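Everything below belongs to upload_5.cif, which stores mmCIF, C-alpha atoms.
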data_structure
loop_
_atom_site.label_atom_id
_atom_site.label_comp_id
_atom_site.auth_asym_id
_atom_site.auth_seq_id
_atom_site.Cartn_x
_atom_site.Cartn_y
_atom_site.Cartn_z
CA MET A 16 38.21 58.98 -7.29
CA ILE A 17 40.18 57.42 -4.44
CA GLU A 18 39.44 53.71 -4.15
CA ILE A 19 38.66 53.06 -0.49
CA LYS A 20 38.76 49.31 -0.06
CA LEU A 21 37.30 49.21 3.46
CA ASN A 22 36.09 51.92 5.82
CA ARG A 23 35.04 51.47 9.46
CA TYR A 24 33.09 54.71 9.44
CA LYS A 25 29.42 55.00 8.50
CA ASP A 26 30.01 57.41 5.64
CA ARG A 27 32.79 59.21 3.83
CA GLN A 28 32.20 62.48 5.68
CA LEU A 29 32.79 60.86 9.07
CA LEU A 30 35.99 59.30 7.72
CA LEU A 31 37.21 62.65 6.41
CA GLU A 32 36.41 64.34 9.72
CA ARG A 33 38.50 61.75 11.55
CA ILE A 34 41.38 62.09 9.07
CA SER A 35 41.34 65.89 9.42
CA ARG A 36 42.56 65.48 13.03
CA ILE A 37 45.77 63.72 11.99
CA LYS A 38 48.94 65.71 12.75
CA HIS A 39 51.56 62.98 12.25
CA VAL A 40 51.93 59.85 10.11
CA ALA A 41 53.90 56.87 11.41
CA LEU A 42 55.03 54.79 8.45
CA ASP A 43 56.02 51.17 8.35
CA MET A 44 58.86 50.76 5.86
CA ASP A 45 59.13 47.63 3.70
CA GLY A 46 55.84 47.09 1.89
CA THR A 47 54.63 50.60 2.71
CA ILE A 48 57.17 53.12 1.39
CA TYR A 49 59.36 50.68 -0.55
CA LYS A 50 59.56 47.06 -1.60
CA GLY A 51 62.86 45.25 -1.09
CA GLY A 52 65.40 47.84 -2.24
CA THR A 53 63.12 49.92 -4.45
CA LEU A 54 61.24 53.01 -3.37
CA PHE A 55 57.62 53.09 -4.54
CA PRO A 56 57.18 55.76 -7.27
CA PHE A 57 54.57 57.59 -5.18
CA THR A 58 56.54 57.76 -1.89
CA GLN A 59 58.41 61.01 -2.52
CA SER A 60 55.31 62.90 -3.63
CA PHE A 61 53.36 61.55 -0.64
CA LEU A 62 56.00 62.80 1.80
CA SER A 63 56.22 66.15 0.00
CA GLY A 64 52.45 66.48 0.31
CA LEU A 65 52.60 65.85 4.05
CA ARG A 66 55.29 68.52 4.45
CA GLU A 67 53.23 71.03 2.46
CA MET A 68 50.23 70.37 4.72
CA GLY A 69 52.33 70.74 7.88
CA ILE A 70 51.94 67.09 8.84
CA GLY A 71 54.95 65.35 10.37
CA TYR A 72 56.02 61.80 9.66
CA SER A 73 58.26 59.08 11.06
CA PHE A 74 59.55 55.76 9.75
CA LEU A 75 58.98 52.77 12.04
CA THR A 76 60.50 49.32 11.91
CA ASN A 77 60.44 46.30 14.20
CA ASN A 78 63.86 45.26 12.93
CA PRO A 79 66.53 46.39 15.46
CA SER A 80 69.44 44.62 13.74
CA LYS A 81 70.68 47.72 11.87
CA SER A 82 71.92 50.92 13.42
CA THR A 83 70.24 54.25 12.82
CA ILE A 84 73.06 55.21 10.45
CA SER A 85 72.64 51.96 8.49
CA TYR A 86 68.92 52.54 8.04
CA LEU A 87 69.45 56.14 6.95
CA GLU A 88 72.06 54.98 4.45
CA HIS A 89 69.65 52.30 3.18
CA LEU A 90 66.95 54.93 2.62
CA ASP A 91 69.46 57.30 1.06
CA ARG A 92 70.50 54.68 -1.50
CA MET A 93 66.87 54.57 -2.62
CA GLY A 94 66.79 58.35 -2.92
CA LEU A 95 64.93 59.07 0.30
CA HIS A 96 66.86 61.49 2.50
CA ALA A 97 65.66 61.06 6.09
CA THR A 98 66.97 62.38 9.39
CA ARG A 99 67.70 60.62 12.67
CA GLU A 100 64.64 62.26 14.20
CA GLU A 101 62.42 60.70 11.52
CA LEU A 102 63.49 57.12 12.24
CA TYR A 103 62.24 54.99 15.13
CA THR A 104 63.15 51.32 15.56
CA SER A 105 62.28 48.71 18.16
CA ALA A 106 65.81 49.21 19.53
CA HIS A 107 64.94 52.85 20.23
CA ALA A 108 61.69 51.77 21.89
CA THR A 109 63.59 49.29 24.05
CA ILE A 110 66.16 51.90 25.08
CA ASN A 111 63.37 54.29 26.09
CA TYR A 112 61.59 51.52 27.99
CA ILE A 113 64.70 50.61 29.99
CA LYS A 114 65.46 54.25 30.82
CA GLN A 115 61.91 54.80 32.05
CA ASN A 116 61.21 51.48 33.77
CA LEU A 117 64.66 50.19 34.78
CA PRO A 118 66.51 53.43 35.55
CA ASP A 119 69.25 51.64 37.52
CA ALA A 120 70.05 49.27 34.64
CA LYS A 121 73.34 50.48 33.17
CA LYS A 122 75.05 47.19 32.28
CA LEU A 123 73.23 45.05 29.73
CA PHE A 124 73.81 41.61 28.31
CA ILE A 125 72.59 42.17 24.76
CA LEU A 126 71.79 39.33 22.41
CA GLY A 127 71.91 41.30 19.18
CA THR A 128 73.99 42.33 16.20
CA PRO A 129 77.02 44.61 16.67
CA SER A 130 74.94 47.41 15.08
CA MET A 131 72.18 46.94 17.62
CA ILE A 132 74.64 46.79 20.52
CA SER A 133 76.21 50.06 19.33
CA GLU A 134 72.78 51.75 19.51
CA PHE A 135 72.59 50.91 23.22
CA GLU A 136 76.21 51.89 23.89
CA ASN A 137 75.64 55.24 22.16
CA GLU A 138 72.85 55.85 24.68
CA GLY A 139 75.20 55.35 27.64
CA PHE A 140 74.72 51.65 28.36
CA THR A 141 77.62 49.21 28.86
CA SER A 142 77.46 45.90 27.04
CA THR A 143 78.64 42.96 29.18
CA GLY A 144 80.64 40.07 27.76
CA ASP A 145 80.20 36.31 27.74
CA ASP A 146 81.60 35.98 31.23
CA ALA A 147 79.90 34.67 34.38
CA ALA A 148 81.79 37.29 36.40
CA ASP A 149 80.50 40.17 34.25
CA VAL A 150 77.05 40.45 35.80
CA PRO A 151 74.50 42.56 33.87
CA ASP A 152 71.72 44.64 35.35
CA ALA A 153 69.34 43.37 32.65
CA VAL A 154 69.18 41.15 29.56
CA VAL A 155 68.07 42.44 26.15
CA VAL A 156 67.23 40.01 23.36
CA GLY A 157 66.77 41.18 19.78
CA PHE A 158 66.83 39.97 16.19
CA ASP A 159 70.38 38.61 16.30
CA MET A 160 71.68 37.54 12.89
CA THR A 161 75.12 37.06 14.48
CA LEU A 162 73.80 34.65 17.11
CA THR A 163 76.32 32.21 18.59
CA TYR A 164 75.59 29.24 20.82
CA ALA A 165 77.85 30.52 23.62
CA ARG A 166 76.08 33.88 23.84
CA LEU A 167 72.68 32.21 23.65
CA CYS A 168 73.65 30.04 26.62
CA ARG A 169 74.95 33.07 28.53
CA ALA A 170 71.67 34.90 27.95
CA ALA A 171 69.78 31.85 29.23
CA TRP A 172 71.99 31.83 32.33
CA TRP A 173 71.22 35.41 33.28
CA ILE A 174 67.51 34.92 32.50
CA HIS A 175 67.58 31.79 34.66
CA LEU A 176 69.03 33.90 37.49
CA ASN A 177 66.04 36.27 37.22
CA ARG A 178 67.83 39.28 35.76
CA PRO A 179 65.29 41.73 34.25
CA TYR A 180 64.64 40.53 30.71
CA VAL A 181 63.39 42.64 27.78
CA ALA A 182 62.81 41.69 24.13
CA THR A 183 62.98 44.23 21.31
CA ASN A 184 60.15 42.80 19.18
CA PRO A 185 57.72 39.85 19.01
CA ASP A 186 58.23 38.81 15.36
CA TRP A 187 58.73 35.09 14.77
CA VAL A 188 60.44 35.61 11.40
CA CYS A 189 61.76 38.58 9.44
CA PRO A 190 60.31 39.04 5.92
CA THR A 191 62.71 38.22 3.08
CA ASP A 192 62.58 37.57 -0.65
CA GLN A 193 65.52 35.16 -0.35
CA PRO A 194 65.20 31.33 -0.25
CA THR A 195 65.60 31.10 3.53
CA VAL A 196 63.79 31.65 6.83
CA LEU A 197 65.11 34.55 8.90
CA VAL A 198 64.54 33.49 12.51
CA ASP A 199 63.54 36.64 14.40
CA CYS A 200 63.44 37.77 18.01
CA GLY A 201 60.18 36.05 18.95
CA SER A 202 61.58 32.67 17.95
CA ILE A 203 64.80 33.25 19.89
CA CYS A 204 62.73 34.18 22.95
CA ALA A 205 60.66 31.00 22.52
CA MET A 206 63.85 28.96 22.62
CA LEU A 207 64.98 30.80 25.75
CA GLU A 208 61.59 30.25 27.36
CA LYS A 209 61.93 26.49 26.92
CA SER A 210 65.39 26.51 28.52
CA THR A 211 64.64 28.93 31.39
CA ASN A 212 60.87 28.69 31.93
CA ARG A 213 60.68 32.49 31.60
CA LYS A 214 59.06 34.80 29.11
CA PRO A 215 60.39 38.35 28.66
CA ASP A 216 59.24 40.82 31.29
CA ALA A 217 58.44 43.22 28.44
CA VAL A 218 58.30 42.93 24.66
CA LEU A 219 58.63 46.12 22.63
CA GLY A 220 58.06 46.78 18.94
CA LYS A 221 54.81 46.56 17.04
CA PRO A 222 52.07 45.67 18.00
CA MET A 223 52.91 46.92 21.50
CA PRO A 224 51.53 50.44 22.06
CA GLU A 225 54.84 51.53 23.64
CA MET A 226 56.33 51.52 20.13
CA LEU A 227 54.57 54.86 19.59
CA ASP A 228 55.61 56.43 22.89
CA GLY A 229 58.87 57.91 21.62
CA ILE A 230 57.13 59.56 18.67
CA LEU A 231 54.34 60.91 20.85
CA SER A 232 56.71 62.44 23.42
CA ALA A 233 59.16 63.81 20.84
CA ASN A 234 56.39 65.57 18.91
CA ASN A 235 54.06 66.44 21.83
CA LEU A 236 51.23 64.43 20.29
CA LYS A 237 48.25 62.43 21.46
CA ALA A 238 47.81 58.93 20.01
CA GLU A 239 44.57 59.90 18.27
CA GLU A 240 46.50 62.56 16.31
CA VAL A 241 48.71 59.89 14.71
CA ALA A 242 47.96 57.68 11.71
CA MET A 243 49.78 54.34 11.81
CA VAL A 244 50.26 53.17 8.23
CA GLY A 245 51.48 49.70 7.33
CA ASP A 246 50.99 46.54 5.30
CA ARG A 247 50.55 44.05 8.17
CA VAL A 248 47.34 43.47 10.10
CA TYR A 249 48.91 41.66 13.05
CA THR A 250 51.64 44.21 13.78
CA ASP A 251 50.87 47.60 12.22
CA MET A 252 47.09 47.57 12.57
CA ARG A 253 47.12 45.79 15.91
CA MET A 254 49.50 48.45 17.26
CA ALA A 255 47.27 51.25 15.94
CA HIS A 256 44.37 49.69 17.80
CA ASN A 257 46.37 49.05 20.99
CA ALA A 258 47.71 52.61 21.08
CA GLY A 259 44.50 54.38 20.10
CA ALA A 260 45.94 55.67 16.81
CA PHE A 261 44.22 55.78 13.39
CA GLY A 262 45.02 52.57 11.52
CA VAL A 263 45.63 52.70 7.76
CA LEU A 264 46.23 49.35 6.07
CA VAL A 265 47.85 49.54 2.64
CA LEU A 266 47.75 46.68 0.15
CA SER A 267 51.16 47.46 -1.37
CA GLY A 268 52.98 44.83 0.71
CA GLU A 269 52.02 41.71 2.63
CA ALA A 270 48.32 42.10 3.45
CA THR A 271 45.54 41.20 1.04
CA LEU A 272 42.00 42.50 0.90
CA ASP A 273 40.84 39.24 2.50
CA ASP A 274 43.27 39.86 5.38
CA ALA A 275 41.69 43.28 5.85
CA LYS A 276 38.13 41.90 5.75
CA ASN A 277 38.99 39.20 8.30
CA ALA A 278 40.96 41.47 10.64
CA ASP A 279 39.69 41.83 14.19
CA PRO A 280 39.42 44.68 14.82
CA LEU A 281 39.13 46.11 11.31
CA PRO A 282 41.62 48.79 10.22
CA ASP A 283 40.09 52.26 10.24
CA VAL A 284 40.59 52.39 6.50
CA THR A 285 42.13 50.11 3.86
CA LEU A 286 43.71 51.59 0.73
CA ASN A 287 45.82 50.40 -2.17
CA SER A 288 48.80 52.54 -1.16
CA ILE A 289 49.99 55.63 0.68
CA ALA A 290 49.34 57.62 -2.51
CA GLU A 291 45.60 57.29 -1.84
CA LEU A 292 46.11 58.23 1.80
CA GLY A 293 47.76 61.46 0.66
CA GLU A 294 44.73 62.27 -1.47
CA LEU A 295 42.35 61.53 1.40
CA ILE A 296 44.28 63.80 3.77
CA LYS A 297 44.15 66.62 1.21
CA GLU A 298 40.42 66.10 0.75
CA ALA A 299 39.92 66.11 4.52
CA LYS A 300 41.90 69.35 4.88
CA ASN A 301 39.87 70.99 2.12
CA THR A 302 36.56 70.10 3.74
CA GLN A 303 37.39 71.58 7.14
#
Kindly return the structure encoded in the file as structure tokens.
Amino acid sequence: MIEIKLNRYKDRQLLLERISRIKHVALDMDGTIYKGGTLFPFTQSFLSGLREMGIGYSFLTNNPSKSTISYLEHLDRMGLHATREELYTSAHATINYIKQNLPDAKKLFILGTPSMISEFENEGFTSTGDDAADVPDAVVVGFDMTLTYARLCRAAWWIHLNRPYVATNPDWVCPTDQPTVLVDCGSICAMLEKSTNRKPDAVLGKPMPEMLDGILSANNLKAEEVAMVGDRVYTDMRMAHNAGAFGVLVLSGEATLDDAKNADPLPDVTLNSIAELGELIKEAKNTQ
């Protein structure tokens, strides 16, 4: 019997009816399909089960610091062979946002890793240099592990001059099992806010509902047809709620059962892992 930790629905049948409408599963990565550099033993069979049932899936991450190729290589090293179309990062969400909302923005001052900058350049944007004469159309700030003081100051200058300003994700820190604190995009933006008195005009990534937009448009889906699965209440489950998707909290990563009980709003369902979600989806399909 599948161990359902928490369930927002009045009874199991209502839960199964809701799950039966799912056509696509959006999966957080670390803590959901793998831990550190090790794939969970149930991940491959879960994905195979989705394919057999005709349900699509995508891998989502708030971390824009790696390129698409780097992420695919990372998954490949763990034995998971994914395609470009199955991966969606906060860099992709930011690119889509700029194309839709700032269509005249072609030159960008990007505070990000070389891998992140290459993602934008591959989409037709020009990256401006640390030069007061090289005026950008907009500023993009991401999780920059190659951050230098000069480029930070240049970003602050353009933000100070009221250039459109977009952040890739709101995370204060990036999770790590190393003895350090990885200062993430949200913390960099907080520093820029103190020096410019400006917050980003838009922040992408989870928990912002726009993080699902690319998946919805690429697969011709409605938000209610997507299950957002992850191990964090404040990003994964908050985004599911904000976007109108079905929120599945798994306890294989960061979140504890107490986190789930204290979440506001509650996840739609809380399970030990994606293995149990696979069983629930099969049960829901069989009861249709």
Discussion item. Would you compute the distance between atom CA of A:Ile230 and atom CA of A:Ala260? Give it in Å to one decimal.
Written reply: 12.0 Å
Worksheet item: What lies within 10 Å of A:Asn301 using only C-alpha atoms, ignoring chain neighbours under 3 positions off, as a list in words?
Response: Leu31, Ser35, Leu295, Ile296, Lys297 and Glu298 of chain A
For the file shown, report as an mmCIF file with C-alpha atoms, in the coordinates of the input the outcome of the PyMOL selection byres ((chain A and resi 44) around 8) at residue level.
data_model
loop_
_atom_site.group_PDB
_atom_site.id
_atom_site.type_symbol
_atom_site.label_atom_id
_atom_site.label_comp_id
_atom_site.auth_asym_id
_atom_site.auth_seq_id
_atom_site.Cartn_x
_atom_site.Cartn_y
_atom_site.Cartn_z
ATOM 1 C CA LEU A 42 55.030 54.790 8.450
ATOM 2 C CA ASP A 43 56.020 51.170 8.350
ATOM 3 C CA ASP A 45 59.130 47.630 3.700
ATOM 4 C CA GLY A 46 55.840 47.090 1.890
ATOM 5 C CA THR A 47 54.630 50.600 2.710
ATOM 6 C CA ILE A 48 57.170 53.120 1.390
ATOM 7 C CA TYR A 49 59.360 50.680 -0.550
ATOM 8 C CA PHE A 74 59.550 55.760 9.750
ATOM 9 C CA LEU A 75 58.980 52.770 12.040
ATOM 10 C CA THR A 76 60.500 49.320 11.910
ATOM 11 C CA GLY A 245 51.480 49.700 7.330
#
Worksheet entry | Explicit residues for the PyMOL selection byres ((chain A and resi 69-73) around 12) (as a PyMOL selection string) | chain A and resi 34-44+48+61-68+74-76+97-104+226-227+229-231+233-236+240-244+293+296-297+300
Discussion item. For a test of reading the model, state the distance in Å between atom CA of A:Val218 and atom CA of A:Gly144, rounded to one decimal.
Written reply: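 Between these atoms lies a distance of 22.7 Å.
If all atoms listed in the file are the atoms counted, then among A:Lys122, A:Ser267, A:Ala299, A:Tyr164 the closest residue to A:Thr285 is A:Ser267.
If you apply the PyMOL selection byres ((chain A and resi 271-281) around 8) to this structure, you end up with Lys20, Leu21, Arg23, Val248, Arg253, His256, Leu264, Leu266, Glu269, Ala270, Pro282, Asp283 and Thr285 of chain A.
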Practice prompt. Skip A:Thr250 itself and residues of its chain fewer than 5 positions away, then list as a PyMOL selection string all residues within 9 Å of it, counting only C-alpha atoms.
Written response: chain A and resi 186+220-223+245+255
Fill in: Contacts of stretch 169-176 of chain A at 7 Å (all atoms listed in the file; same-chain gap of 6+ positions) as a PyMOL selection string
chain A and resi 145+154+207+210-211
Worksheet item: Counting all atoms listed in the file, which of A:Pro215, A:Pro56, A:Gly139, A:Gly201 gets nearest to A:Pro179?
Response: A:Pro215
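Proximity to A:Val265 was assessed for A:Ser82, A:Thr191, A:Ser288, A:Asn184 counting all atoms listed in the file; the smallest distance is recorded for A:Ser288.
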Discussion item. Please report the interatomic distance between atom CA of A:Leu123 and atom CA of A:Trp187 in Å with one decimal.
Written reply: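 Taking atom CA of A:Leu123 and atom CA of A:Trp187, their separation equals 23.1 Å.
With all atoms listed in the file as the atoms that count, the residue of A:Phe57, A:Phe124, A:Tyr112, A:Tyr86 with the shortest distance to A:Gly157 is A:Phe124.
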Practice prompt. Please provide as a PyMOL selection string all residues within 12 Å of A:Glu138, with the sequence filter that same-chain residues fewer than 4 positions apart are discarded (counting all atoms listed in the file).
Written response: chain A and resi 106-107+109-111+113-114+121-123+131-134+142
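Residues with any atom within 12 Å of the point (68.0, 56.1, -2.9), counting all atoms listed in the file, are Tyr49, Gly52, Thr53, Leu54, Phe55, Pro56, Thr58, Gln59, Tyr86, Leu87, Glu88, His89, Leu90, Asp91, Arg92, Met93, Gly94, Leu95, His96 and Ala97 of chain A.
Nearest to A:Ile203 of all the residues A:Ala217, A:Ala120, A:Val156, A:Ile19 is A:Val156, counting all atoms listed in the file.
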Discussion item. Ranking A:Ser130, A:Asn78, A:Thr143, A:Thr83 by minimum distance to A:Ser105 and counting all atoms listed in the file, which one comes first?
Written reply: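 Distance minimum relative to A:Ser105 lands on A:Asn78.
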